[in-house]
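Structure data follow from work_14.txt (compact mmCIF, C-alpha atoms):
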# COMPACT_ATOMS: atom_id res chain seq x y z
CA ALA D 1 14.03 -44.25 24.28
CA GLN D 2 17.25 -43.71 22.42
CA LYS D 3 20.43 -43.40 24.43
CA ILE D 4 24.18 -43.15 23.95
CA THR D 5 26.51 -44.29 26.72
CA GLN D 6 30.20 -43.48 27.00
CA THR D 7 31.55 -45.06 30.16
CA GLN D 8 35.09 -43.68 30.08
CA PRO D 9 35.21 -40.11 31.41
CA GLY D 10 38.96 -39.94 30.80
CA MET D 11 41.58 -42.00 28.99
CA PHE D 12 45.36 -41.81 28.73
CA VAL D 13 47.40 -43.15 25.82
CA GLN D 14 51.06 -43.01 24.94
CA GLU D 15 51.97 -41.17 21.78
CA LYS D 16 52.11 -43.49 18.72
CA GLU D 17 50.00 -46.17 20.40
CA ALA D 18 46.44 -47.10 19.44
CA VAL D 19 43.48 -46.33 21.68
CA THR D 20 39.85 -47.43 21.74
CA LEU D 21 37.08 -45.17 23.00
CA ASP D 22 33.94 -47.03 23.98
CA CYS D 23 30.40 -46.22 22.93
CA THR D 24 27.22 -48.21 23.36
CA TYR D 25 23.83 -47.18 22.09
CA ASP D 26 20.23 -48.12 22.55
CA THR D 27 17.46 -47.83 19.99
CA SER D 28 14.64 -49.98 18.69
CA ASP D 29 14.77 -48.30 15.29
CA PRO D 30 16.46 -50.59 12.72
CA SER D 31 17.77 -47.63 10.72
CA TYR D 32 20.21 -45.30 12.42
CA GLY D 33 23.54 -43.60 12.00
CA LEU D 34 26.45 -43.43 14.41
CA PHE D 35 28.96 -40.61 14.56
CA TRP D 36 32.04 -39.54 16.38
CA TYR D 37 32.92 -35.89 16.91
CA LYS D 38 36.10 -34.40 18.34
CA GLN D 39 36.20 -31.30 20.51
CA PRO D 40 39.71 -29.91 21.03
CA SER D 41 40.46 -27.47 23.82
CA SER D 42 39.62 -24.61 21.45
CA GLY D 43 36.01 -25.72 21.72
CA GLU D 44 34.87 -26.38 18.17
CA MET D 45 33.13 -29.62 17.25
CA ILE D 46 34.74 -31.59 14.44
CA PHE D 47 33.13 -34.50 12.58
CA LEU D 48 35.37 -37.57 12.50
CA ILE D 49 33.51 -40.59 11.19
CA TYR D 50 30.08 -42.03 10.32
CA GLN D 51 28.64 -45.56 10.32
CA GLY D 52 25.21 -46.45 9.01
CA SER D 53 23.31 -49.29 10.66
CA TYR D 54 23.06 -51.18 7.35
CA ASP D 55 26.69 -50.69 6.36
CA GLN D 56 28.38 -54.05 6.03
CA GLN D 57 31.89 -52.83 6.64
CA ASN D 58 33.33 -50.82 9.48
CA ALA D 59 33.91 -47.19 8.59
CA THR D 60 37.44 -45.83 8.33
CA GLU D 61 38.73 -42.28 7.90
CA GLY D 62 42.50 -42.07 7.93
CA ARG D 63 43.72 -42.97 11.44
CA TYR D 64 40.13 -43.29 12.69
CA SER D 65 38.07 -46.45 12.44
CA LEU D 66 34.72 -47.33 13.91
CA ASN D 67 34.42 -50.81 15.37
CA PHE D 68 30.72 -51.46 14.77
CA GLN D 69 29.25 -54.49 16.56
CA LYS D 70 25.55 -54.36 15.84
CA ALA D 71 24.48 -57.29 18.02
CA ARG D 72 26.25 -55.75 21.01
CA LYS D 73 25.04 -52.26 20.09
CA SER D 74 28.52 -50.86 20.31
CA ALA D 75 30.31 -48.34 18.10
CA ASN D 76 33.80 -47.93 19.47
CA LEU D 77 36.23 -45.43 17.99
CA VAL D 78 39.75 -46.68 17.35
CA ILE D 79 42.51 -44.13 16.87
CA SER D 80 45.70 -45.63 15.53
CA ALA D 81 49.16 -44.11 16.07
CA SER D 82 48.00 -41.47 18.53
CA GLN D 83 49.39 -37.97 18.18
CA LEU D 84 49.63 -35.16 20.72
CA GLY D 85 47.02 -33.29 18.71
CA ASP D 86 44.52 -36.07 19.40
CA SER D 87 44.20 -34.85 22.99
CA ALA D 88 40.58 -33.70 23.09
CA MET D 89 37.07 -34.58 24.14
CA TYR D 90 35.38 -37.18 21.95
CA PHE D 91 31.64 -37.54 21.59
CA CYS D 92 29.70 -40.49 20.23
CA ALA D 93 26.35 -39.59 18.67
CA MET D 94 23.37 -41.24 17.00
CA SER D 95 20.82 -40.07 14.46
CA LEU D 96 17.65 -41.87 13.43
CA THR D 97 15.65 -42.05 10.22
CA GLY D 98 13.76 -38.80 9.87
CA GLY D 99 16.60 -37.01 11.53
CA PHE D 100 16.59 -33.70 13.38
CA LYS D 101 17.30 -35.17 16.79
CA THR D 102 20.87 -36.38 16.95
CA ILE D 103 21.67 -37.43 20.50
CA PHE D 104 25.10 -37.36 22.11
CA GLY D 105 26.93 -39.29 24.77
CA ALA D 106 28.57 -37.57 27.73
CA GLY D 107 31.98 -37.69 26.08
CA THR D 108 35.42 -39.14 26.79
CA ARG D 109 38.42 -36.91 27.38
CA LEU D 110 41.54 -38.35 25.79
CA PHE D 111 45.01 -37.37 26.96
CA VAL D 112 47.96 -38.29 24.74
CA LYS D 113 51.28 -38.48 26.58
CA ALA D 114 54.61 -37.72 24.92
CA ASN Y 1 34.72 -20.85 4.11
CA ALA Y 2 32.62 -19.35 6.91
CA GLY Y 3 30.37 -22.41 7.49
CA VAL Y 4 28.34 -21.75 10.66
CA THR Y 5 28.88 -18.43 12.39
CA GLN Y 6 27.48 -17.71 15.82
CA THR Y 7 27.76 -14.64 17.99
CA PRO Y 8 28.70 -13.67 20.59
CA LYS Y 9 31.55 -15.95 21.71
CA PHE Y 10 31.25 -14.95 25.35
CA GLN Y 11 28.47 -13.35 27.38
CA VAL Y 12 27.84 -12.66 31.04
CA LEU Y 13 24.30 -11.90 32.13
CA LYS Y 14 22.62 -11.12 35.39
CA THR Y 15 19.65 -13.21 36.45
CA GLY Y 16 16.53 -11.91 34.71
CA GLN Y 17 18.30 -10.25 31.79
CA SER Y 18 17.48 -11.23 28.24
CA MET Y 19 19.67 -11.84 25.25
CA THR Y 20 19.65 -13.33 21.77
CA LEU Y 21 22.29 -15.65 20.34
CA GLN Y 22 22.68 -15.27 16.61
CA CYS Y 23 23.55 -18.01 14.14
CA ALA Y 24 24.00 -18.00 10.38
CA GLN Y 25 25.11 -20.66 7.92
CA ASP Y 26 26.23 -20.28 4.34
CA MET Y 27 26.01 -23.93 3.23
CA ASN Y 28 22.40 -23.72 2.03
CA HIS Y 29 21.35 -26.30 4.63
CA ASN Y 30 17.68 -26.75 5.37
CA SER Y 31 18.07 -27.86 8.98
CA MET Y 32 19.45 -25.84 11.89
CA TYR Y 33 19.84 -26.60 15.59
CA TRP Y 34 20.66 -25.17 18.97
CA TYR Y 35 22.42 -27.38 21.50
CA ARG Y 36 23.72 -26.72 24.97
CA GLN Y 37 26.79 -28.45 26.39
CA ASP Y 38 27.16 -29.07 30.11
CA PRO Y 39 29.94 -31.03 31.84
CA GLY Y 40 29.18 -34.73 32.05
CA MET Y 41 26.02 -34.41 29.95
CA GLY Y 42 27.27 -34.12 26.41
CA LEU Y 43 25.23 -31.96 24.06
CA ARG Y 44 21.49 -31.66 24.50
CA LEU Y 45 19.13 -30.36 21.86
CA ILE Y 46 17.23 -27.21 22.79
CA TYR Y 47 15.32 -26.42 19.57
CA TYR Y 48 15.62 -27.27 15.93
CA SER Y 49 14.32 -26.04 12.63
CA ALA Y 50 13.85 -28.71 9.99
CA SER Y 51 13.33 -26.12 7.29
CA GLU Y 52 12.67 -22.44 6.83
CA GLY Y 53 9.44 -21.49 8.54
CA THR Y 54 9.35 -24.38 11.01
CA THR Y 55 10.69 -24.82 14.52
CA ASP Y 56 10.31 -27.61 17.05
CA LYS Y 57 11.26 -28.33 20.63
CA GLY Y 58 14.15 -30.57 21.47
CA GLU Y 59 15.04 -32.22 24.74
CA VAL Y 60 15.51 -29.09 26.91
CA PRO Y 61 13.40 -26.21 25.48
CA ASN Y 62 12.19 -24.59 28.70
CA GLY Y 63 13.36 -21.00 29.12
CA TYR Y 64 14.25 -20.54 25.46
CA ASN Y 65 12.64 -19.31 22.28
CA VAL Y 66 13.88 -19.50 18.71
CA SER Y 67 13.30 -17.77 15.40
CA ARG Y 68 14.16 -19.10 11.97
CA LEU Y 69 14.50 -15.74 10.31
CA ASN Y 70 15.27 -17.15 6.86
CA LYS Y 71 17.08 -20.16 5.46
CA ARG Y 72 20.45 -18.84 6.66
CA GLU Y 73 19.66 -17.58 10.14
CA PHE Y 74 18.40 -19.22 13.33
CA SER Y 75 18.44 -17.29 16.60
CA LEU Y 76 18.05 -18.40 20.20
CA ARG Y 77 16.53 -16.07 22.79
CA LEU Y 78 16.68 -16.20 26.56
CA GLU Y 79 13.84 -14.02 27.80
CA SER Y 80 14.74 -14.08 31.50
CA ALA Y 81 18.10 -15.69 32.11
CA ALA Y 82 18.59 -18.04 35.06
CA PRO Y 83 21.81 -19.43 36.56
CA SER Y 84 20.75 -22.90 35.32
CA GLN Y 85 21.22 -21.57 31.79
CA THR Y 86 24.95 -21.10 32.34
CA SER Y 87 26.36 -23.32 29.62
CA VAL Y 88 28.13 -23.46 26.29
CA TYR Y 89 25.72 -23.07 23.39
CA PHE Y 90 26.30 -24.45 19.93
CA CYS Y 91 24.46 -23.72 16.76
CA ALA Y 92 24.62 -26.36 14.04
CA SER Y 93 23.28 -27.02 10.58
CA SER Y 94 22.88 -30.13 8.47
CA GLU Y 95 21.55 -31.57 5.26
CA LEU Y 96 19.78 -34.77 6.14
CA LYS Y 97 20.45 -37.77 3.92
CA GLY Y 98 18.72 -40.78 5.44
CA THR Y 99 20.42 -41.33 8.77
CA ARG Y 100 23.56 -39.53 7.69
CA GLU Y 101 22.83 -36.26 9.43
CA LYS Y 102 26.33 -34.85 9.62
CA LEU Y 103 26.26 -31.74 11.77
CA PHE Y 104 28.32 -28.62 11.09
CA PHE Y 105 28.86 -26.61 14.23
CA GLY Y 106 29.54 -23.01 15.05
CA SER Y 107 32.38 -22.15 17.41
CA GLY Y 108 30.14 -21.94 20.47
CA THR Y 109 28.98 -19.27 22.92
CA GLN Y 110 30.09 -19.44 26.52
CA LEU Y 111 27.27 -17.96 28.60
CA SER Y 112 27.44 -17.24 32.32
CA VAL Y 113 24.37 -16.16 34.24
CA LEU Y 114 25.13 -14.65 37.63

Please render this file's structure as structure tokens.
Amino acid sequence: AQKITQTQPGMFVQEKEAVTLDCTYDTSDPSYGLFWYKQPSSGEMIFLIYQGSYDQQNATEGRYSLNFQKARKSANLVISASQLGDSAMYFCAMSLTGGFKTIFGAGTRLFVKA
Amino acid sequence: NAGVTQTPKFQVLKTGQSMTLQCAQDMNHNSMYWYRQDPGMGLRLIYYSASEGTTDKGEVPNGYNVSRLNKREFSLRLESAAPSQTSVYFCASSELKGTREKLFFGSGTQLSVL
């Protein structure tokens, strides 16, 4: 069965520092996609970044990068130069070929300190 | 730039009451979804509709029904609400491209069942 695990319920980071949010996944399907979504206190879900299982390079989107280690089945999100507005809940997610059943981890709440 | 619109934003029900959550998207997406979000459990898929005219169960379908009214609209119905259905509900849509199933979410419905 497919599964996403986020082991950090809460994280603190100082403003302007980098932070890594952990995500491990489990699937036997060789073709899959990994996502990170952000949920600010206002409640909406915002797409941050995507990594395909066959992508050779780690995905980057501005201050966000995905540290993809296929052999370890990990897809950690790295946020560089944290800002106060980065305080939010972050969800790691996985979709498989054929789609329609994206699964989510339990989430990590990030607190950015001034 | 409406994207995915869901109503209502808040609802309080008594046990046994029924209600329908409405969702509409204007991005011409084929696929639509209903998720529920509970603390510590991330988002779990209730039902999805891969295309107009089709619906399928997700991970937690019990107690819910759905209708894909047309390509734009996908509603979720609680026939006899139970306290266990207290949750935040999200509608989402996507256009599947391989494993890149980027989800676009509505703003959520906070439902309390007393």

Discussion item. Counting all atoms listed in the file, a student should be able to say which residues of chain D come within 6 Å of chain Y; what is the right answer, written as a list in words?
Written reply: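 The answer, sorted by residue number, is Tyr32, Gly33, Glu44, Ser95, Leu96, Thr97, Phe104, Gly105, Ala106 and Gly107 of chain D.
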
Discussion item. Give me, as number ranges by chain, all polymer residues having an atom no more than 7 Å from Met19 (chain Y), counting all atoms listed in the file and skipping those fewer than 6 positions away in the same chain.
Written reply: Y: 77-79

Worksheet entry | Nearby residues (only C-alpha atoms) at most 12 Å from Ala71 (chain D), same-chain spacing under 3 positions excluded, as a PyMOL selection string | chain D and resi 24-27+30+53+68+74-75

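Taking CA of Ser42 (chain D) as the reference point, CA of Ser87 (chain D) is found at 11.3 Å.
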
What box, with edges along x, y and z, holds each listed atom of region 74-88 of chain Y when 4 Å is added on every side, and can you state its centre and edge lengths in Å to one decimal, as lines of an AutoDock Vina configuration file?
center_x = 21.0
center_y = -18.7
center_z = 24.9
size_x = 22.3
size_y = 17.4
size_z = 31.2

Discussion item. Can you pull out the residues contacting Gln17 (chain Y)? Cut-off 7 Å, using all atoms listed in the file, and skip same-chain residues under 2 positions away; I want them as a list in words.
Written reply: Leu13, Lys14, Thr15, Met19, Ser80 and Ala81 of chain Y
